[in-house]
Amino acid sequence: MQTIAPELAELAALIADPGRAGILSRLMDGRAQTASELALVAGVTPQTASWHLSKLVERALLKVERRGPRRLYRLATPLVAQMLEGMMTVAAIDPHPARPPPRIDAEMRRARTCYDHLAGELGVAVADAMRERGHLHLDQEAGELTASGRALLGDLGIDLRAPARGRRLLCRPCLDWSERRPHLAGRAGAAVADLALQRDWIRRRPQGRSVEITEAGLAAFRDLFGARI
């Protein structure tokens, strides 16, 4: 009987290299970065980083964008981000409970992006509030916006009728690796994160995935969504 085990083993071996794992983790914030920037993250020489990047592009985990003379790298698809977030969730499970739990940066736990949507305490709080108000059905398996949820996002200026790229779902759960509960992903989750950035509810930090919640953002997430954050 044919299985996908060889391909799975090959993919796991590719990601298992610490340098490549570091590169993939950094690109989880959804931003494209140059090879030299990613070399610093991976702690390797530019030549070694280029070799790692070529392997990741060849396996379709990354894609290259050309902006003038520069070549920038980003995750190839949301599916790659989904896979990495799932791996992070499993990696954070300690099989030896007697050991101290792994340290999670306070800023990362508080609020971050998971590729193109909100995660951490903020992302989970928004999803929980939308569920409690009847705007969203979301569990570990699936997600669906209700009529009131569509109306809420529509009132905020989010057009959910825009055609999807590929077969991307409108709404799906993404298990949060630090909170161990689902936050909102899919096109709806990405649209909420985009809106938060546009309205200065959150601000990206110079490096990494953590984001700053502004005073206006705290008020908006609490008043508009009912988030307890």
# chains A, B, ... in the order shown; residues from 1 in each chain; ligands from 1
>>> residues_around(residues="range 71-81 of chain A", least_positions_apart="2", cutoff="9 Å", atoms="only C-alpha atoms", output="PDB file with N, CA, C and O atoms, in the first residue's frame")
ATOM      1  N   LEU A  24      11.917  29.914   9.095  1.00  0.00           N
ATOM      2  CA  LEU A  24      10.473  29.731   8.956  1.00  0.00           C
ATOM      3  C   LEU A  24       9.722  30.415  10.095  1.00  0.00           C
ATOM      4  O   LEU A  24       8.664  31.029   9.877  1.00  0.00           O
ATOM      5  N   LEU A  27       9.484  34.159   9.527  1.00  0.00           N
ATOM      6  CA  LEU A  27       8.562  34.538   8.459  1.00  0.00           C
ATOM      7  C   LEU A  27       7.103  34.297   8.820  1.00  0.00           C
ATOM      8  O   LEU A  27       6.209  34.617   8.032  1.00  0.00           O
ATOM      9  N   MET A  28       6.842  33.772  10.012  1.00  0.00           N
ATOM     10  CA  MET A  28       5.462  33.574  10.457  1.00  0.00           C
ATOM     11  C   MET A  28       4.731  34.883  10.719  1.00  0.00           C
ATOM     12  O   MET A  28       3.524  34.894  10.932  1.00  0.00           O
ATOM     13  N   GLY A  30       4.330  37.069   8.490  1.00  0.00           N
ATOM     14  CA  GLY A  30       3.708  37.429   7.224  1.00  0.00           C
ATOM     15  C   GLY A  30       4.488  38.416   6.390  1.00  0.00           C
ATOM     16  O   GLY A  30       4.131  38.678   5.243  1.00  0.00           O
ATOM     17  N   ARG A  31       5.567  38.977   6.952  1.00  0.00           N
ATOM     18  CA  ARG A  31       6.345  39.966   6.203  1.00  0.00           C
ATOM     19  C   ARG A  31       7.454  39.287   5.404  1.00  0.00           C
ATOM     20  O   ARG A  31       8.037  38.301   5.847  1.00  0.00           O
ATOM     21  N   ALA A  32       7.753  39.854   4.231  1.00  0.00           N
ATOM     22  CA  ALA A  32       8.855  39.338   3.415  1.00  0.00           C
ATOM     23  C   ALA A  32      10.164  39.929   3.917  1.00  0.00           C
ATOM     24  O   ALA A  32      10.213  41.091   4.334  1.00  0.00           O
ATOM     25  N   GLN A  33      11.235  39.131   3.889  1.00  0.00           N
ATOM     26  CA  GLN A  33      12.531  39.594   4.371  1.00  0.00           C
ATOM     27  C   GLN A  33      13.633  39.154   3.408  1.00  0.00           C
ATOM     28  O   GLN A  33      13.475  38.206   2.649  1.00  0.00           O
ATOM     29  N   THR A  34      14.752  39.871   3.469  1.00  0.00           N
ATOM     30  CA  THR A  34      15.873  39.559   2.600  1.00  0.00           C
ATOM     31  C   THR A  34      16.685  38.399   3.166  1.00  0.00           C
ATOM     32  O   THR A  34      16.568  38.044   4.351  1.00  0.00           O
ATOM     33  N   ALA A  35      17.559  37.852   2.332  1.00  0.00           N
ATOM     34  CA  ALA A  35      18.415  36.747   2.769  1.00  0.00           C
ATOM     35  C   ALA A  35      19.350  37.191   3.889  1.00  0.00           C
ATOM     36  O   ALA A  35      19.614  36.435   4.825  1.00  0.00           O
ATOM     37  N   LEU A  38      17.464  37.290   7.165  1.00  0.00           N
ATOM     38  CA  LEU A  38      17.176  35.940   7.645  1.00  0.00           C
ATOM     39  C   LEU A  38      18.441  35.223   8.089  1.00  0.00           C
ATOM     40  O   LEU A  38      18.381  34.353   8.962  1.00  0.00           O
ATOM     41  N   LEU A  53      17.660  28.834   2.064  1.00  0.00           N
ATOM     42  CA  LEU A  53      16.513  29.434   1.387  1.00  0.00           C
ATOM     43  C   LEU A  53      16.210  28.735   0.070  1.00  0.00           C
ATOM     44  O   LEU A  53      15.044  28.529  -0.283  1.00  0.00           O
ATOM     45  N   VAL A  57      12.628  27.129  -0.858  1.00  0.00           N
ATOM     46  CA  VAL A  57      11.894  27.534  -2.062  1.00  0.00           C
ATOM     47  C   VAL A  57      11.643  26.326  -2.948  1.00  0.00           C
ATOM     48  O   VAL A  57      10.539  26.153  -3.501  1.00  0.00           O
ATOM     49  N   ALA A  60       8.740  24.434  -1.970  1.00  0.00           N
ATOM     50  CA  ALA A  60       7.519  25.251  -2.007  1.00  0.00           C
ATOM     51  C   ALA A  60       7.041  25.644  -0.614  1.00  0.00           C
ATOM     52  O   ALA A  60       5.849  25.861  -0.402  1.00  0.00           O
ATOM     53  N   LEU A  61       7.979  25.758   0.339  1.00  0.00           N
ATOM     54  CA  LEU A  61       7.622  26.308   1.640  1.00  0.00           C
ATOM     55  C   LEU A  61       7.764  27.834   1.634  1.00  0.00           C
ATOM     56  O   LEU A  61       7.071  28.526   2.376  1.00  0.00           O
ATOM     57  N   LEU A  62       8.654  28.334   0.804  1.00  0.00           N
ATOM     58  CA  LEU A  62       8.846  29.771   0.644  1.00  0.00           C
ATOM     59  C   LEU A  62       8.667  30.167  -0.816  1.00  0.00           C
ATOM     60  O   LEU A  62       8.777  29.329  -1.715  1.00  0.00           O
ATOM     61  N   LYS A  63       8.401  31.437  -1.031  1.00  0.00           N
ATOM     62  CA  LYS A  63       8.407  31.988  -2.380  1.00  0.00           C
ATOM     63  C   LYS A  63       9.263  33.244  -2.387  1.00  0.00           C
ATOM     64  O   LYS A  63       9.491  33.866  -1.344  1.00  0.00           O
ATOM     65  N   VAL A  64       9.740  33.612  -3.567  1.00  0.00           N
ATOM     66  CA  VAL A  64      10.635  34.758  -3.719  1.00  0.00           C
ATOM     67  C   VAL A  64       9.887  35.886  -4.413  1.00  0.00           C
ATOM     68  O   VAL A  64       9.176  35.663  -5.391  1.00  0.00           O
ATOM     69  N   GLU A  65      10.069  37.097  -3.895  1.00  0.00           N
ATOM     70  CA  GLU A  65       9.529  38.291  -4.536  1.00  0.00           C
ATOM     71  C   GLU A  65      10.699  39.194  -4.919  1.00  0.00           C
ATOM     72  O   GLU A  65      11.619  39.378  -4.125  1.00  0.00           O
ATOM     73  N   ARG A  66      10.671  39.739  -6.114  1.00  0.00           N
ATOM     74  CA  ARG A  66      11.730  40.659  -6.546  1.00  0.00           C
ATOM     75  C   ARG A  66      11.215  42.092  -6.488  1.00  0.00           C
ATOM     76  O   ARG A  66      10.187  42.415  -7.077  1.00  0.00           O
ATOM     77  N   ARG A  67      11.931  42.922  -5.759  1.00  0.00           N
ATOM     78  CA  ARG A  67      11.613  44.349  -5.660  1.00  0.00           C
ATOM     79  C   ARG A  67      12.859  45.113  -6.073  1.00  0.00           C
ATOM     80  O   ARG A  67      13.760  45.323  -5.280  1.00  0.00           O
ATOM     81  N   GLY A  68      12.890  45.466  -7.329  1.00  0.00           N
ATOM     82  CA  GLY A  68      14.095  46.074  -7.870  1.00  0.00           C
ATOM     83  C   GLY A  68      15.222  45.060  -7.825  1.00  0.00           C
ATOM     84  O   GLY A  68      15.064  43.910  -8.236  1.00  0.00           O
ATOM     85  N   PRO A  69      16.382  45.455  -7.287  1.00  0.00           N
ATOM     86  CA  PRO A  69      17.507  44.511  -7.238  1.00  0.00           C
ATOM     87  C   PRO A  69      17.405  43.521  -6.077  1.00  0.00           C
ATOM     88  O   PRO A  69      18.187  42.583  -5.987  1.00  0.00           O
ATOM     89  N   MET A  83       0.543  24.832   9.007  1.00  0.00           N
ATOM     90  CA  MET A  83       1.344  23.678   9.404  1.00  0.00           C
ATOM     91  C   MET A  83       2.334  24.055  10.497  1.00  0.00           C
ATOM     92  O   MET A  83       2.479  23.336  11.503  1.00  0.00           O
ATOM     93  N   LEU A  84       3.020  25.186  10.334  1.00  0.00           N
ATOM     94  CA  LEU A  84       4.027  25.601  11.306  1.00  0.00           C
ATOM     95  C   LEU A  84       3.398  25.930  12.653  1.00  0.00           C
ATOM     96  O   LEU A  84       3.945  25.596  13.708  1.00  0.00           O
ATOM     97  N   GLU A  85       2.236  26.588  12.653  1.00  0.00           N
ATOM     98  CA  GLU A  85       1.563  26.901  13.916  1.00  0.00           C
ATOM     99  C   GLU A  85       1.170  25.626  14.640  1.00  0.00           C
ATOM    100  O   GLU A  85       1.300  25.521  15.862  1.00  0.00           O
ATOM    101  N   GLY A  86       0.705  24.620  13.876  1.00  0.00           N
ATOM    102  CA  GLY A  86       0.375  23.338  14.499  1.00  0.00           C
ATOM    103  C   GLY A  86       1.602  22.667  15.100  1.00  0.00           C
ATOM    104  O   GLY A  86       1.540  22.098  16.202  1.00  0.00           O
ATOM    105  N   CYS A 114      -0.214  35.618  13.527  1.00  0.00           N
ATOM    106  CA  CYS A 114       0.034  34.236  13.103  1.00  0.00           C
ATOM    107  C   CYS A 114      -0.129  34.254  11.589  1.00  0.00           C
ATOM    108  O   CYS A 114      -1.237  34.113  11.079  1.00  0.00           O
ATOM    109  N   TYR A 115       0.970  34.512  10.902  1.00  0.00           N
ATOM    110  CA  TYR A 115       0.977  34.747   9.459  1.00  0.00           C
ATOM    111  C   TYR A 115       0.192  36.017   9.144  1.00  0.00           C
ATOM    112  O   TYR A 115       0.752  37.097   9.167  1.00  0.00           O
ATOM    113  N   ASP A 116      -1.126  35.934   8.915  1.00  0.00           N
ATOM    114  CA  ASP A 116      -1.881  37.133   8.550  1.00  0.00           C
ATOM    115  C   ASP A 116      -3.079  37.393   9.446  1.00  0.00           C
ATOM    116  O   ASP A 116      -3.930  38.211   9.129  1.00  0.00           O
ATOM    117  N   ARG A 168      -9.013  29.221  -0.356  1.00  0.00           N
ATOM    118  CA  ARG A 168      -8.873  29.613   1.038  1.00  0.00           C
ATOM    119  C   ARG A 168     -10.238  29.776   1.691  1.00  0.00           C
ATOM    120  O   ARG A 168     -11.137  30.432   1.159  1.00  0.00           O
ATOM    121  N   GLY A 186      -8.307  32.184   8.489  1.00  0.00           N
ATOM    122  CA  GLY A 186      -9.024  32.264   7.225  1.00  0.00           C
ATOM    123  C   GLY A 186      -9.123  33.708   6.752  1.00  0.00           C
ATOM    124  O   GLY A 186      -8.529  34.625   7.323  1.00  0.00           O
TER     125      GLY A 186
END
>>> residues_around(residues="range 170-180 of chain A", least_positions_apart="6", cutoff="10 Å", atoms="only C-alpha atoms", output="short mmCIF file (atom, residue, chain, number, x, y, z; two decimals) with N, CA and C atoms, in the first residue's frame")
data_model
loop_
_atom_site.label_atom_id
_atom_site.label_comp_id
_atom_site.auth_asym_id
_atom_site.auth_seq_id
_atom_site.Cartn_x
_atom_site.Cartn_y
_atom_site.Cartn_z
N GLN A 82 -0.16 27.51 8.57
CA GLN A 82 -1.02 26.65 9.39
C GLN A 82 -0.25 25.43 9.89
N MET A 83 0.54 24.83 9.01
CA MET A 83 1.34 23.68 9.40
C MET A 83 2.33 24.05 10.50
N GLU A 85 2.24 26.59 12.65
CA GLU A 85 1.56 26.90 13.92
C GLU A 85 1.17 25.63 14.64
N GLY A 86 0.71 24.62 13.88
CA GLY A 86 0.37 23.34 14.50
C GLY A 86 1.60 22.67 15.10
N MET A 87 2.72 22.74 14.40
CA MET A 87 3.95 22.16 14.92
C MET A 87 4.41 22.89 16.19
N MET A 88 4.25 24.21 16.21
CA MET A 88 4.61 24.97 17.40
C MET A 88 3.75 24.58 18.59
N THR A 89 2.47 24.34 18.32
CA THR A 89 1.56 23.93 19.40
C THR A 89 2.00 22.61 20.00
N VAL A 90 2.35 21.65 19.14
CA VAL A 90 2.81 20.35 19.62
C VAL A 90 4.16 20.48 20.31
N ALA A 91 5.05 21.32 19.77
CA ALA A 91 6.38 21.50 20.35
C ALA A 91 6.31 22.09 21.74
N ALA A 92 5.26 22.91 22.00
CA ALA A 92 5.13 23.56 23.31
C ALA A 92 4.59 22.61 24.38
N ILE A 93 4.12 21.42 23.98
CA ILE A 93 3.62 20.45 24.95
C ILE A 93 4.81 19.74 25.59
N ILE A 104 7.68 31.67 27.56
CA ILE A 104 7.06 32.31 26.41
C ILE A 104 7.15 33.81 26.63
N ASP A 105 7.74 34.51 25.69
CA ASP A 105 7.90 35.94 25.78
C ASP A 105 6.55 36.61 26.07
N MET A 108 4.91 38.24 23.08
CA MET A 108 4.38 37.24 22.14
C MET A 108 3.08 36.64 22.67
N ARG A 109 3.03 36.36 23.96
CA ARG A 109 1.81 35.79 24.53
C ARG A 109 0.66 36.79 24.47
N ARG A 110 0.97 38.06 24.71
CA ARG A 110 -0.07 39.08 24.77
C ARG A 110 -0.75 39.27 23.41
N CYS A 114 -0.21 35.62 13.53
CA CYS A 114 0.03 34.24 13.10
C CYS A 114 -0.13 34.25 11.59
N HIS A 117 -3.18 36.71 10.59
CA HIS A 117 -4.30 36.94 11.49
C HIS A 117 -3.81 37.11 12.92
N LEU A 118 -4.71 37.49 13.83
CA LEU A 118 -4.34 37.79 15.20
C LEU A 118 -4.24 36.53 16.04
N ALA A 119 -3.25 36.51 16.93
CA ALA A 119 -3.04 35.35 17.79
C ALA A 119 -2.63 35.84 19.18
N GLY A 120 -2.34 34.88 20.07
CA GLY A 120 -2.02 35.20 21.44
C GLY A 120 -3.28 35.53 22.22
N GLU A 121 -3.11 36.17 23.37
CA GLU A 121 -4.26 36.52 24.21
C GLU A 121 -5.27 37.37 23.43
N GLY A 123 -5.84 37.51 20.04
CA GLY A 123 -6.57 36.74 19.04
C GLY A 123 -7.61 35.83 19.66
N VAL A 124 -7.26 35.16 20.76
CA VAL A 124 -8.20 34.26 21.43
C VAL A 124 -9.34 35.06 22.06
N ALA A 127 -11.83 36.04 19.34
CA ALA A 127 -12.61 34.87 18.92
C ALA A 127 -13.62 34.48 19.99
N LEU A 136 -20.05 34.09 15.78
CA LEU A 136 -19.11 33.11 15.27
C LEU A 136 -19.34 31.76 15.91
N HIS A 137 -19.31 30.71 15.10
CA HIS A 137 -19.24 29.34 15.59
C HIS A 137 -17.81 28.88 15.33
N LEU A 138 -17.11 28.49 16.39
CA LEU A 138 -15.71 28.12 16.24
C LEU A 138 -15.35 27.08 17.28
N ASP A 139 -14.82 25.97 16.81
CA ASP A 139 -14.30 24.96 17.73
C ASP A 139 -12.98 24.44 17.16
N GLN A 140 -12.49 23.35 17.68
CA GLN A 140 -11.21 22.82 17.21
C GLN A 140 -11.26 22.34 15.77
N GLU A 141 -12.46 22.04 15.27
CA GLU A 141 -12.58 21.40 13.96
C GLU A 141 -12.96 22.34 12.82
N ALA A 142 -13.81 23.32 13.10
CA ALA A 142 -14.32 24.15 12.01
C ALA A 142 -14.77 25.50 12.53
N GLY A 143 -15.04 26.41 11.60
CA GLY A 143 -15.51 27.73 11.96
C GLY A 143 -16.52 28.25 10.96
N GLU A 144 -17.43 29.10 11.43
CA GLU A 144 -18.44 29.68 10.55
C GLU A 144 -18.90 31.01 11.11
N LEU A 145 -18.93 32.05 10.28
CA LEU A 145 -19.50 33.33 10.68
C LEU A 145 -21.02 33.24 10.60
N LEU A 160 -16.62 40.87 2.70
CA LEU A 160 -16.42 39.43 2.64
C LEU A 160 -16.84 38.83 1.31
N ARG A 161 -17.34 39.67 0.41
CA ARG A 161 -17.74 39.15 -0.91
C ARG A 161 -16.59 39.12 -1.88
N ALA A 164 -12.07 34.85 -3.19
CA ALA A 164 -10.96 34.23 -2.46
C ALA A 164 -9.85 33.85 -3.42
N GLY A 186 -8.31 32.18 8.49
CA GLY A 186 -9.02 32.26 7.23
C GLY A 186 -9.12 33.71 6.75
N ARG A 187 -9.90 33.92 5.70
CA ARG A 187 -10.02 35.27 5.13
C ARG A 187 -10.62 36.25 6.13
N ALA A 188 -11.57 35.79 6.95
CA ALA A 188 -12.17 36.68 7.94
C ALA A 188 -11.15 37.10 8.98
N GLY A 189 -10.36 36.15 9.46
CA GLY A 189 -9.33 36.49 10.44
C GLY A 189 -8.30 37.44 9.88
N ALA A 190 -7.89 37.22 8.63
CA ALA A 190 -6.92 38.11 7.99
C ALA A 190 -7.50 39.51 7.82
N ALA A 191 -8.79 39.59 7.50
CA ALA A 191 -9.42 40.90 7.30
C ALA A 191 -9.49 41.68 8.60
#
>>> residues_around(residues="Gly149 in chain A", least_positions_apart="5", cutoff="9 Å", atoms="only C-alpha atoms", output="CSV table (one decimal) with N, CA and C atoms, in the first residue's frame")
chain,number,residue,atom,x,y,z
A,130,MET,N,-16.5,37.0,20.0
A,130,MET,CA,-17.4,36.9,18.8
A,130,MET,C,-18.3,35.6,19.0
A,133,ARG,N,-21.1,36.4,21.6
A,133,ARG,CA,-22.1,37.3,21.1
A,133,ARG,C,-22.9,36.8,20.0
A,134,GLY,N,-22.6,35.5,19.6
A,134,GLY,CA,-23.3,34.9,18.5
A,134,GLY,C,-22.9,35.2,17.2
A,135,HIS,N,-21.7,35.8,17.0
A,135,HIS,CA,-21.2,36.2,15.7
A,135,HIS,C,-20.4,35.1,15.0
A,136,LEU,N,-20.1,34.1,15.8
A,136,LEU,CA,-19.1,33.1,15.3
A,136,LEU,C,-19.3,31.8,15.9
A,154,GLY,N,-19.1,43.7,8.2
A,154,GLY,CA,-19.6,44.6,7.1
A,154,GLY,C,-19.7,46.0,7.6
>>> atom_distance(atom1="CA of Ser25 in chain A", atom2="CA of Ala42 in chain A")
9.8 Å
>>> closest_residue(among="A:Leu40, A:Ala216, A:Leu56, A:Leu153", to="Leu11 in chain A", atoms="only C-alpha atoms")
A:Leu56
>>> select_by_dssp(residues="range 84-142 of chain A", states="strand (DSSP E)", output="compact mmCIF listing (two decimals) with N, CA, C and O atoms, in the first residue's frame")
# COMPACT_ATOMS: atom_id res chain seq x y z
N ARG A 112 0.14 38.88 18.96
CA ARG A 112 1.07 38.64 17.86
C ARG A 112 0.26 38.34 16.60
O ARG A 112 -0.97 38.16 16.66
N THR A 113 0.95 38.30 15.48
CA THR A 113 0.31 37.82 14.27
C THR A 113 0.71 36.36 14.05
O THR A 113 1.82 35.95 14.39
N CYS A 114 -0.21 35.62 13.53
CA CYS A 114 0.03 34.24 13.10
C CYS A 114 -0.13 34.25 11.59
O CYS A 114 -1.24 34.11 11.08
N HIS A 117 -3.18 36.71 10.59
CA HIS A 117 -4.30 36.94 11.49
C HIS A 117 -3.81 37.11 12.92
O HIS A 117 -2.63 36.92 13.21
N LEU A 118 -4.71 37.49 13.83
CA LEU A 118 -4.34 37.79 15.20
C LEU A 118 -4.24 36.53 16.04
O LEU A 118 -5.05 35.61 15.90
N ALA A 119 -3.25 36.51 16.93
CA ALA A 119 -3.04 35.35 17.79
C ALA A 119 -2.63 35.84 19.18
O ALA A 119 -2.58 37.03 19.46
N LEU A 136 -20.05 34.09 15.78
CA LEU A 136 -19.11 33.11 15.27
C LEU A 136 -19.34 31.76 15.91
O LEU A 136 -19.58 31.67 17.13
N HIS A 137 -19.31 30.71 15.10
CA HIS A 137 -19.24 29.34 15.59
C HIS A 137 -17.81 28.88 15.33
O HIS A 137 -17.35 28.89 14.19
N LEU A 138 -17.11 28.49 16.39
CA LEU A 138 -15.71 28.12 16.24
C LEU A 138 -15.35 27.08 17.28
O LEU A 138 -15.60 27.26 18.47
>>> closest_residue(among="A:Ala125, A:Ala106, A:Ala220, A:Ile23", to="Ala39 in chain A", atoms="only C-alpha atoms")
A:Ile23
>>> select_by_dssp(residues="range 63-137 of chain A", states="alpha helix (DSSP H)", output="PyMOL selection string")
chain A and resi 78-91+106-110+120-132
>>> residues_around(residues="Asp128 in chain A", least_positions_apart="4", cutoff="8 Å", atoms="only C-alpha atoms", output="VMD selection string")
chain A and resid 124 132 183 227
>>> write_last_selection(atoms="N, CA and C atoms", output="PDB file, in the first residue's frame")
ATOM      1  N   VAL A 124      -7.259  35.162  20.762  1.00  0.00           N
ATOM      2  CA  VAL A 124      -8.199  34.262  21.433  1.00  0.00           C
ATOM      3  C   VAL A 124      -9.337  35.058  22.060  1.00  0.00           C
ATOM      4  N   GLU A 132     -19.276  34.366  21.986  1.00  0.00           N
ATOM      5  CA  GLU A 132     -20.225  34.655  23.060  1.00  0.00           C
ATOM      6  C   GLU A 132     -21.356  35.560  22.588  1.00  0.00           C
ATOM      7  N   HIS A 183      -7.999  30.494  17.786  1.00  0.00           N
ATOM      8  CA  HIS A 183      -8.302  31.863  17.395  1.00  0.00           C
ATOM      9  C   HIS A 183      -8.829  31.835  15.958  1.00  0.00           C
ATOM     10  N   ALA A 227     -14.205  42.010  23.458  1.00  0.00           N
ATOM     11  CA  ALA A 227     -13.078  41.217  23.911  1.00  0.00           C
ATOM     12  C   ALA A 227     -12.644  41.619  25.310  1.00  0.00           C
TER      13      ALA A 227
END
>>> closest_residue(among="A:Leu195, A:Ala185, A:Val126, A:Leu8", to="Leu156 in chain A", atoms="only C-alpha atoms")
A:Leu195
>>> atom_distance(atom1="CA of Ala5 in chain A", atom2="CA of Leu169 in chain A")
26.8 Å
>>> closest_residue(among="A:Pro182, A:Pro206, A:Pro18, A:Gly157", to="Leu122 in chain A", atoms="only C-alpha atoms")
A:Pro182
>>> residues_around(residues="Arg203 in chain A", least_positions_apart="6", cutoff="7 Å", atoms="only C-alpha atoms", output="PDB file with N, CA, C and O atoms, in the first residue's frame")
ATOM      1  N   LEU A 197      -4.580  46.899  11.785  1.00  0.00           N
ATOM      2  CA  LEU A 197      -3.363  47.608  11.394  1.00  0.00           C
ATOM      3  C   LEU A 197      -3.689  48.945  10.730  1.00  0.00           C
ATOM      4  O   LEU A 197      -3.068  49.964  11.023  1.00  0.00           O
ATOM      5  N   VAL A 211       2.898  42.189  18.426  1.00  0.00           N
ATOM      6  CA  VAL A 211       2.385  43.504  18.045  1.00  0.00           C
ATOM      7  C   VAL A 211       1.995  44.262  19.305  1.00  0.00           C
ATOM      8  O   VAL A 211       1.673  43.669  20.342  1.00  0.00           O
ATOM      9  N   GLU A 212       2.024  45.575  19.204  1.00  0.00           N
ATOM     10  CA  GLU A 212       1.610  46.442  20.303  1.00  0.00           C
ATOM     11  C   GLU A 212       0.140  46.790  20.139  1.00  0.00           C
ATOM     12  O   GLU A 212      -0.295  47.189  19.055  1.00  0.00           O
ATOM     13  N   ILE A 213      -0.646  46.641  21.202  1.00  0.00           N
ATOM     14  CA  ILE A 213      -2.046  47.073  21.183  1.00  0.00           C
ATOM     15  C   ILE A 213      -2.084  48.523  21.652  1.00  0.00           C
ATOM     16  O   ILE A 213      -1.649  48.842  22.754  1.00  0.00           O
TER      17      ILE A 213
END
>>> atom_distance(atom1="CA of Ser50 in chain A", atom2="CA of Arg20 in chain A")
10.6 Å
